[in-house]
file data-v3.cif (mmCIF, C-alpha atoms)
data_final
loop_
_atom_site.label_atom_id
_atom_site.label_comp_id
_atom_site.auth_asym_id
_atom_site.auth_seq_id
_atom_site.Cartn_x
_atom_site.Cartn_y
_atom_site.Cartn_z
CA MET J 1 -28.64 -153.98 116.74
CA GLN J 2 -32.37 -153.93 116.90
CA LEU J 3 -34.38 -150.79 117.48
CA SER J 4 -35.74 -152.04 120.83
CA ALA J 5 -32.21 -152.27 122.23
CA TYR J 6 -31.64 -148.55 121.69
CA LEU J 7 -35.09 -147.76 123.07
CA ILE J 8 -34.41 -149.73 126.23
CA VAL J 9 -31.17 -147.81 126.82
CA SER J 10 -33.16 -144.62 126.29
CA ALA J 11 -35.83 -145.77 128.77
CA ILE J 12 -33.24 -146.60 131.42
CA LEU J 13 -31.55 -143.21 131.02
CA PHE J 14 -34.94 -141.48 131.20
CA THR J 15 -35.77 -143.33 134.42
CA ILE J 16 -32.42 -142.39 135.94
CA GLY J 17 -33.28 -138.77 135.18
CA VAL J 18 -36.72 -139.12 136.77
CA ILE J 19 -35.23 -140.62 139.94
CA GLY J 20 -32.72 -137.76 140.06
CA VAL J 21 -35.48 -135.16 139.87
CA LEU J 22 -37.47 -136.88 142.63
CA VAL J 23 -34.69 -137.65 145.09
CA ARG J 24 -32.07 -134.91 144.91
CA ARG J 25 -32.40 -131.64 146.78
CA SER J 26 -29.98 -129.36 144.98
CA PRO J 27 -31.76 -127.56 142.10
CA LEU J 28 -28.62 -127.78 139.97
CA VAL J 29 -28.56 -131.58 140.15
CA ILE J 30 -32.33 -131.61 139.47
CA PHE J 31 -31.69 -129.49 136.41
CA MET J 32 -28.96 -131.87 135.27
CA SER J 33 -31.37 -134.78 135.66
CA ILE J 34 -33.85 -132.94 133.43
CA GLU J 35 -31.09 -132.57 130.82
CA LEU J 36 -30.43 -136.29 131.15
CA MET J 37 -34.11 -136.96 130.39
CA LEU J 38 -33.94 -134.74 127.31
CA ASN J 39 -30.89 -136.58 126.07
CA ALA J 40 -32.54 -139.95 126.59
CA VAL J 41 -35.38 -138.82 124.32
CA ASN J 42 -32.82 -137.55 121.80
CA LEU J 43 -31.38 -141.05 121.65
CA SER J 44 -34.85 -142.42 120.92
CA PHE J 45 -35.34 -139.89 118.13
CA VAL J 46 -32.03 -140.69 116.45
CA ALA J 47 -32.68 -144.44 116.73
CA PHE J 48 -36.08 -144.02 115.07
CA SER J 49 -34.52 -141.83 112.39
CA HIS J 50 -32.07 -144.60 111.57
CA PHE J 51 -34.50 -147.49 111.60
CA LEU J 52 -37.40 -145.76 109.86
CA ASN J 53 -35.06 -144.33 107.20
CA SER J 54 -36.29 -140.77 107.70
CA ALA J 55 -34.57 -137.52 108.59
CA ASP J 56 -37.44 -136.30 110.79
CA GLY J 57 -35.90 -137.79 113.92
CA GLN J 58 -32.72 -135.82 113.46
CA MET J 59 -34.77 -132.67 112.86
CA PHE J 60 -36.49 -133.18 116.17
CA VAL J 61 -33.16 -133.71 117.90
CA PHE J 62 -31.95 -130.41 116.44
CA LEU J 63 -35.01 -128.58 117.77
CA VAL J 64 -34.84 -130.29 121.18
CA LEU J 65 -31.19 -129.26 121.43
CA THR J 66 -32.07 -125.64 120.74
CA VAL J 67 -34.95 -125.63 123.22
CA ALA J 68 -32.74 -127.27 125.86
CA ALA J 69 -30.11 -124.56 125.41
CA ALA J 70 -32.68 -121.79 125.84
CA GLU J 71 -34.20 -123.56 128.84
CA VAL J 72 -30.82 -123.98 130.54
CA VAL J 73 -30.09 -120.28 130.12
CA VAL J 74 -33.34 -119.15 131.70
CA GLY J 75 -33.36 -121.84 134.40
CA LEU J 76 -29.85 -121.07 135.58
CA ALA J 77 -30.69 -117.35 135.66
CA ILE J 78 -33.66 -118.15 137.91
CA ILE J 79 -31.51 -120.30 140.21
CA VAL J 80 -28.87 -117.59 140.47
CA SER J 81 -31.45 -114.94 141.30
CA ILE J 82 -32.98 -117.19 143.98
CA PHE J 83 -29.52 -117.69 145.45
CA ARG J 84 -28.98 -113.93 145.50
CA THR J 85 -32.03 -113.28 147.66
CA ARG J 86 -32.00 -116.30 149.93
CA ARG J 87 -28.34 -117.44 150.00
CA ASN J 88 -29.63 -121.01 150.03
CA ILE J 89 -30.76 -123.23 147.17
CA ASP J 90 -32.13 -126.26 148.95
CA VAL J 91 -35.45 -127.05 147.26
CA ASP J 92 -36.91 -128.36 150.51
CA GLU J 93 -36.58 -124.86 151.96
CA MET J 94 -38.28 -123.16 149.02
CA ASN J 95 -41.79 -123.26 150.39
CA VAL J 96 -42.75 -119.59 150.26
CA LEU J 97 -43.92 -118.01 147.03
CA ARG J 98 -42.89 -114.45 147.75
CA GLY J 99 -39.55 -113.29 146.40
CA MET Y 100 -25.46 -157.24 112.25
CA ASP Y 101 -21.81 -158.07 112.79
CA ILE Y 102 -20.07 -158.77 116.03
CA ALA Y 103 -18.23 -155.44 116.14
CA THR Y 104 -21.48 -153.45 116.12
CA MET Y 105 -22.90 -155.58 118.91
CA VAL Y 106 -19.79 -155.25 121.06
CA ALA Y 107 -19.69 -151.49 120.48
CA PHE Y 108 -23.35 -151.18 121.37
CA TYR Y 109 -23.03 -153.12 124.61
CA VAL Y 110 -19.90 -151.28 125.72
CA LEU Y 111 -21.50 -147.91 124.97
CA ALA Y 112 -24.75 -148.89 126.67
CA VAL Y 113 -23.03 -149.96 129.89
CA ALA Y 114 -20.85 -146.85 129.91
CA THR Y 115 -23.77 -144.50 129.25
CA ILE Y 116 -25.94 -146.00 131.98
CA ALA Y 117 -23.04 -146.00 134.44
CA SER Y 118 -22.28 -142.32 133.87
CA GLY Y 119 -26.00 -141.55 133.99
CA LEU Y 120 -26.13 -143.16 137.41
CA GLY Y 121 -23.13 -141.07 138.35
CA VAL Y 122 -25.14 -137.90 137.71
CA ILE Y 123 -27.66 -138.71 140.42
CA VAL Y 124 -25.36 -140.52 142.84
CA PHE Y 125 -22.47 -138.11 143.40
CA LYS Y 126 -22.84 -135.81 146.38
CA ASP Y 127 -20.76 -133.02 144.90
CA ALA Y 128 -22.59 -131.11 142.14
CA VAL Y 129 -19.34 -130.62 140.18
CA HIS Y 130 -18.89 -134.40 140.00
CA SER Y 131 -22.48 -134.71 138.76
CA ALA Y 132 -21.80 -132.13 136.04
CA LEU Y 133 -18.65 -133.95 134.91
CA SER Y 134 -20.53 -137.23 134.87
CA LEU Y 135 -23.22 -135.62 132.72
CA ILE Y 136 -20.56 -134.43 130.27
CA LEU Y 137 -19.31 -138.01 130.04
CA THR Y 138 -22.87 -139.22 129.39
CA LEU Y 139 -23.29 -136.66 126.62
CA ILE Y 140 -20.08 -137.80 124.93
CA PHE Y 141 -21.17 -141.45 125.08
CA LEU Y 142 -24.52 -140.48 123.59
CA ALA Y 143 -22.66 -138.71 120.78
CA LEU Y 144 -20.89 -142.02 120.09
CA PHE Y 145 -24.32 -143.67 119.96
CA TYR Y 146 -25.39 -141.13 117.37
CA LEU Y 147 -22.28 -141.89 115.33
CA GLN Y 148 -23.14 -145.58 115.43
CA LEU Y 149 -26.65 -144.74 114.19
CA GLY Y 150 -25.27 -142.72 111.30
CA ALA Y 151 -26.20 -139.23 112.50
CA MET Y 152 -22.82 -137.56 112.13
CA PHE Y 153 -24.03 -133.98 112.21
CA ILE Y 154 -26.12 -134.49 115.35
CA ALA Y 155 -23.18 -136.21 117.06
CA ILE Y 156 -20.80 -133.33 116.42
CA VAL Y 157 -23.45 -130.75 117.33
CA GLN Y 158 -24.07 -132.64 120.57
CA ILE Y 159 -20.41 -132.42 121.55
CA LEU Y 160 -20.03 -128.81 120.41
CA ILE Y 161 -23.25 -127.35 121.82
CA TYR Y 162 -24.43 -129.63 124.61
CA ALA Y 163 -21.15 -130.78 126.13
CA GLY Y 164 -19.23 -127.71 125.04
CA ALA Y 165 -21.52 -124.78 125.78
CA ILE Y 166 -24.48 -125.84 127.91
CA MET Y 167 -22.45 -127.90 130.36
CA VAL Y 168 -19.82 -125.15 130.62
CA LEU Y 169 -22.64 -122.80 131.60
CA PHE Y 170 -23.72 -125.36 134.19
CA LEU Y 171 -20.20 -125.56 135.58
CA PHE Y 172 -19.99 -121.78 135.82
CA VAL Y 173 -23.13 -121.66 137.93
CA VAL Y 174 -22.24 -124.74 140.00
CA THR Y 175 -18.84 -123.40 140.97
CA MET Y 176 -20.28 -119.93 141.60
CA LEU Y 177 -23.03 -121.14 143.91
CA ALA Y 178 -20.47 -122.99 146.07
CA PRO Y 179 -22.24 -126.34 146.57
CA ASP Y 180 -23.20 -126.52 150.18
CA GLY Y 181 -23.16 -129.53 152.42
CA ASP Y 182 -26.90 -129.44 153.08
CA GLU Y 183 -27.45 -132.57 151.06
CA LEU Y 184 -25.45 -134.54 153.60
CA GLN Y 185 -28.15 -133.89 156.17
CA ARG Y 186 -31.13 -136.17 156.35
CA ASP Y 187 -33.97 -135.69 153.92
CA ARG Y 188 -37.26 -134.54 155.36
CA ILE Y 189 -38.82 -137.85 154.28
CA SER Y 190 -36.48 -140.60 155.43
CA TRP Y 191 -37.90 -143.28 153.10
CA GLN Y 192 -37.59 -140.99 150.08
CA ARG Y 193 -34.76 -142.79 148.32
CA ILE Y 194 -36.33 -146.22 148.66
CA VAL Y 195 -39.62 -145.05 147.20
CA GLY Y 196 -37.70 -143.24 144.45
CA GLY Y 197 -35.89 -146.43 143.55
CA VAL Y 198 -39.08 -148.49 143.54
CA LEU Y 199 -40.90 -145.97 141.38
CA GLY Y 200 -37.95 -145.86 139.00
CA LEU Y 201 -37.91 -149.63 138.65
CA SER Y 202 -41.64 -149.65 137.97
CA LEU Y 203 -41.19 -146.95 135.30
CA VAL Y 204 -38.45 -148.93 133.56
CA GLY Y 205 -40.61 -152.07 133.79
CA ALA Y 206 -43.62 -150.32 132.28
CA LEU Y 207 -41.57 -148.82 129.43
CA SER Y 208 -39.90 -152.14 128.64
CA TYR Y 209 -43.26 -153.91 128.66
CA LEU Y 210 -44.63 -151.36 126.21
CA LEU Y 211 -41.55 -151.73 124.02
CA PHE Y 212 -41.87 -155.51 123.76
CA THR Y 213 -45.63 -155.67 123.27
CA GLY Y 214 -46.15 -152.52 121.22
CA ALA Y 215 -46.37 -152.15 117.45
CA SER Y 216 -43.53 -153.86 115.68
CA VAL Y 217 -41.13 -151.57 113.88
CA SER Y 218 -39.98 -154.10 111.30
CA ALA Y 219 -43.16 -153.59 109.30
CA ALA Y 220 -42.60 -149.85 109.19
CA THR Y 221 -38.98 -150.36 108.22
CA LYS Y 222 -39.92 -152.47 105.22
CA ALA Y 223 -42.40 -149.82 104.13
CA ALA Y 224 -39.84 -147.03 104.28
CA PRO Y 225 -39.66 -145.02 101.04
CA ALA Y 226 -36.86 -145.74 98.64
CA ASP Y 227 -35.89 -142.07 98.54
CA GLY Y 228 -35.64 -141.92 102.31
CA LEU Y 229 -32.72 -140.86 104.41
CA GLN Y 230 -30.41 -143.74 103.66
CA ALA Y 231 -30.55 -143.19 99.91
CA VAL Y 232 -29.56 -139.54 100.26
CA VAL Y 233 -26.87 -140.39 102.78
CA ASN Y 234 -25.37 -142.99 100.47
CA THR Y 235 -25.13 -140.55 97.56
CA GLN Y 236 -24.42 -137.22 99.20
CA GLY Y 237 -23.53 -137.74 102.82
CA ASN Y 238 -25.24 -137.09 106.11
CA ILE Y 239 -24.78 -133.33 106.29
CA GLU Y 240 -26.36 -132.78 102.88
CA ALA Y 241 -29.24 -135.02 103.86
CA PHE Y 242 -29.67 -133.16 107.13
CA GLY Y 243 -29.52 -129.80 105.37
CA GLN Y 244 -32.05 -130.81 102.73
CA ALA Y 245 -34.48 -132.05 105.37
CA LEU Y 246 -34.01 -128.97 107.54
CA PHE Y 247 -34.44 -126.31 104.88
CA HIS Y 248 -37.04 -128.07 102.75
CA GLY Y 249 -39.42 -129.37 105.40
CA PHE Y 250 -38.48 -127.68 108.66
CA ALA Y 251 -37.65 -124.14 107.61
CA PHE Y 252 -40.43 -122.56 109.65
CA PRO Y 253 -39.50 -124.26 112.96
CA PHE Y 254 -35.92 -123.28 112.26
CA GLU Y 255 -36.91 -119.62 112.07
CA VAL Y 256 -39.10 -119.92 115.16
CA THR Y 257 -36.12 -121.21 117.17
CA SER Y 258 -34.34 -117.95 116.49
CA LEU Y 259 -37.28 -116.15 118.11
CA LEU Y 260 -37.06 -118.59 121.03
CA ILE Y 261 -33.38 -117.83 121.51
CA VAL Y 262 -34.01 -114.07 121.52
CA VAL Y 263 -36.72 -114.50 124.15
CA ALA Y 264 -34.39 -116.66 126.27
CA ILE Y 265 -31.62 -114.08 126.08
CA LEU Y 266 -33.99 -111.31 127.13
CA GLY Y 267 -35.29 -113.42 129.99
CA ALA Y 268 -31.80 -114.19 131.24
CA MET Y 269 -30.86 -110.52 131.09
CA VAL Y 270 -33.94 -109.53 133.08
CA PHE Y 271 -33.24 -112.18 135.71
CA GLY Y 272 -29.59 -111.33 135.89
CA ARG Y 273 -30.01 -107.69 136.77
CA ARG Y 274 -29.17 -106.53 140.26
CA ALA Y 275 -32.51 -105.88 141.92
#
call {"tool": "encode", "arguments": {"input": "data-v3.cif", "output": "structure tokens"}}
result
Amino acid sequence: MQLSAYLIVSAILFTIGVIGVLVRRSPLVIFMSIELMLNAVNLSFVAFSHFLNSADGQMFVFLVLTVAAAEVVVGLAIIVSIFRTRRNIDVDEMNVLRG
Amino acid sequence: MDIATMVAFYVLAVATIASGLGVIVFKDAVHSALSLILTLIFLALFYLQLGAMFIAIVQILIYAGAIMVLFLFVVTMLAPDGDELQRDRISWQRIVGGVLGLSLVGALSYLLFTGASVSAATKAAPADGLQAVVNTQGNIEAFGQALFHGFAFPFEVTSLLIVVAILGAMVFGRRA
């Protein structure tokens, strides 16, 4: 398959993630849409690594994977602590900055 | 470019996009998490088709096996409420979201088809590139050589990142 085929699949997955972040109101589903966006970019990186005959794409995927793991840990800790104080995790209700 | 590769690509592409849509469509957050796990596994099959064996296995082990399990812990602990079934504050939100999404896909596809052609870069790829090492020694050796010869410093910095993330999670997880 051509490179542009893989990139179009990656673009469609990225757009699905963007729509999920914009439309959904549960922060967990928003977080999952962000992970979907990261994975769409990973697909682009691996496709470029294959078609440009270079290992740099796979290196970037490795680093993105590590950063995504660290980000998920901290983000879920934030969501849990918000739930502890407010008992509600609807993002439309989170309009006050004080804890 | 044989027919088996094309069929595999199209089947995987349809399955990946369908499960990606399932992430944002399901009302229950647990169903969204399971749909995301399915998407990650289909993406790992894409990586296998593109010859990145190590990244495919790491994706299933780490992403689908550890990160998504963490997600499921938190999703089942926070007891997904039924607030999403109520109306959104902006009633035309989903329509505008869909239109904006279609325009984003259109813009990205336009850039893909009118941007710089990749075939020229592919012909100019070095003879000692990835494929040569993969053909002689395998993908994991090629990945290891690239990681520890060119990317050793970012690799060490990620260990610092992980320590910072662990400390942050511990601080957030304390009882106030």
call {"tool": "residues_around", "arguments": {"input": "data-v3.cif", "residues": "segment 63-68 of chain J", "least_positions_apart": "4", "cutoff": "9 Å", "atoms": "only C-alpha atoms", "output": "PyMOL selection string"}}
result
(chain J and resi 35+38-39+42+58-59+72-73) or (chain Y and resi 157-158+161-162+166+253-254+257+260-261)
call {"tool": "closest_atom_pairs", "arguments": {"input": "data-v3.cif", "of": "chain Y", "to": "chain J", "cutoff": "6 Å", "atoms": "only C-alpha atoms", "output": "CSV"}}
result
residue,atom,partner,partner_atom,distance
Y:Ile123,CA,J:Gly20,CA,5.2
Y:Gly196,CA,J:Ile19,CA,5.8
Y:Gly200,CA,J:Thr15,CA,5.7
Y:Thr221,CA,J:Leu52,CA,5.1
Y:Gly228,CA,J:Asn53,CA,5.5
Y:Leu229,CA,J:Ser54,CA,4.9
Y:Gln230,CA,J:Asn53,CA,5.9
Y:Ile261,CA,J:Ala70,CA,5.9
Y:Ala264,CA,J:Ala70,CA,5.4
Y:Ala268,CA,J:Val74,CA,5.2
Y:Phe271,CA,J:Ala77,CA,5.8
call {"tool": "atom_distance", "arguments": {"input": "data-v3.cif", "atom1": "atom CA of Leu111 of chain Y", "atom2": "atom CA of Leu147 of chain Y"}}
result
11.4 Å
call {"tool": "atom_distance", "arguments": {"input": "data-v3.cif", "atom1": "atom CA of Gln148 of chain Y", "atom2": "atom CA of Gln236 of chain Y"}}
result
18.3 Å
call {"tool": "residues_around", "arguments": {"input": "data-v3.cif", "residues": "Ala155 of chain Y", "least_positions_apart": "4", "cutoff": "7 Å", "atoms": "only C-alpha atoms", "output": "PyMOL selection string"}}
result
chain Y and resi 143-144+146-147+151+159
call {"tool": "residues_around", "arguments": {"input": "data-v3.cif", "residues": "Gly164 of chain Y", "least_positions_apart": "3", "cutoff": "12 Å", "atoms": "only C-alpha atoms", "output": "list in words"}}
result
Ala69 of chain J; Leu133, Leu135, Ile136, Leu137, Leu139, Ile140, Ile156, Val157, Gln158, Ile159, Leu160, Ile161, Met167, Val168, Leu169, Phe170 and Leu171 of chain Y
call {"tool": "write_last_selection", "arguments": {"input": "data-v3.cif", "atoms": "C-alpha atoms", "output": "PDB file, in the coordinates of the input"}}
result
ATOM      1  CA  ALA J  69     -30.110-124.560 125.410  1.00  0.00           C
TER       2      ALA J  69
ATOM      3  CA  LEU Y 133     -18.650-133.950 134.910  1.00  0.00           C
ATOM      4  CA  LEU Y 135     -23.220-135.620 132.720  1.00  0.00           C
ATOM      5  CA  ILE Y 136     -20.560-134.430 130.270  1.00  0.00           C
ATOM      6  CA  LEU Y 137     -19.310-138.010 130.040  1.00  0.00           C
ATOM      7  CA  LEU Y 139     -23.290-136.660 126.620  1.00  0.00           C
ATOM      8  CA  ILE Y 140     -20.080-137.800 124.930  1.00  0.00           C
ATOM      9  CA  ILE Y 156     -20.800-133.330 116.420  1.00  0.00           C
ATOM     10  CA  VAL Y 157     -23.450-130.750 117.330  1.00  0.00           C
ATOM     11  CA  GLN Y 158     -24.070-132.640 120.570  1.00  0.00           C
ATOM     12  CA  ILE Y 159     -20.410-132.420 121.550  1.00  0.00           C
ATOM     13  CA  LEU Y 160     -20.030-128.810 120.410  1.00  0.00           C
ATOM     14  CA  ILE Y 161     -23.250-127.350 121.820  1.00  0.00           C
ATOM     15  CA  MET Y 167     -22.450-127.900 130.360  1.00  0.00           C
ATOM     16  CA  VAL Y 168     -19.820-125.150 130.620  1.00  0.00           C
ATOM     17  CA  LEU Y 169     -22.640-122.800 131.600  1.00  0.00           C
ATOM     18  CA  PHE Y 170     -23.720-125.360 134.190  1.00  0.00           C
ATOM     19  CA  LEU Y 171     -20.200-125.560 135.580  1.00  0.00           C
TER      20      LEU Y 171
END
call {"tool": "atom_distance", "arguments": {"input": "data-v3.cif", "atom1": "atom CA of Val113 of chain Y", "atom2": "atom CA of Leu142 of chain Y"}}
result
11.5 Å
call {"tool": "resolve_selection", "arguments": {"input": "data-v3.cif", "expression": "the PyMOL selection byres ((chain Y and resi 238) around 8)", "output": "ChimeraX atom specification"}}
result
/Y:150-153,232-233,236-237,239-242
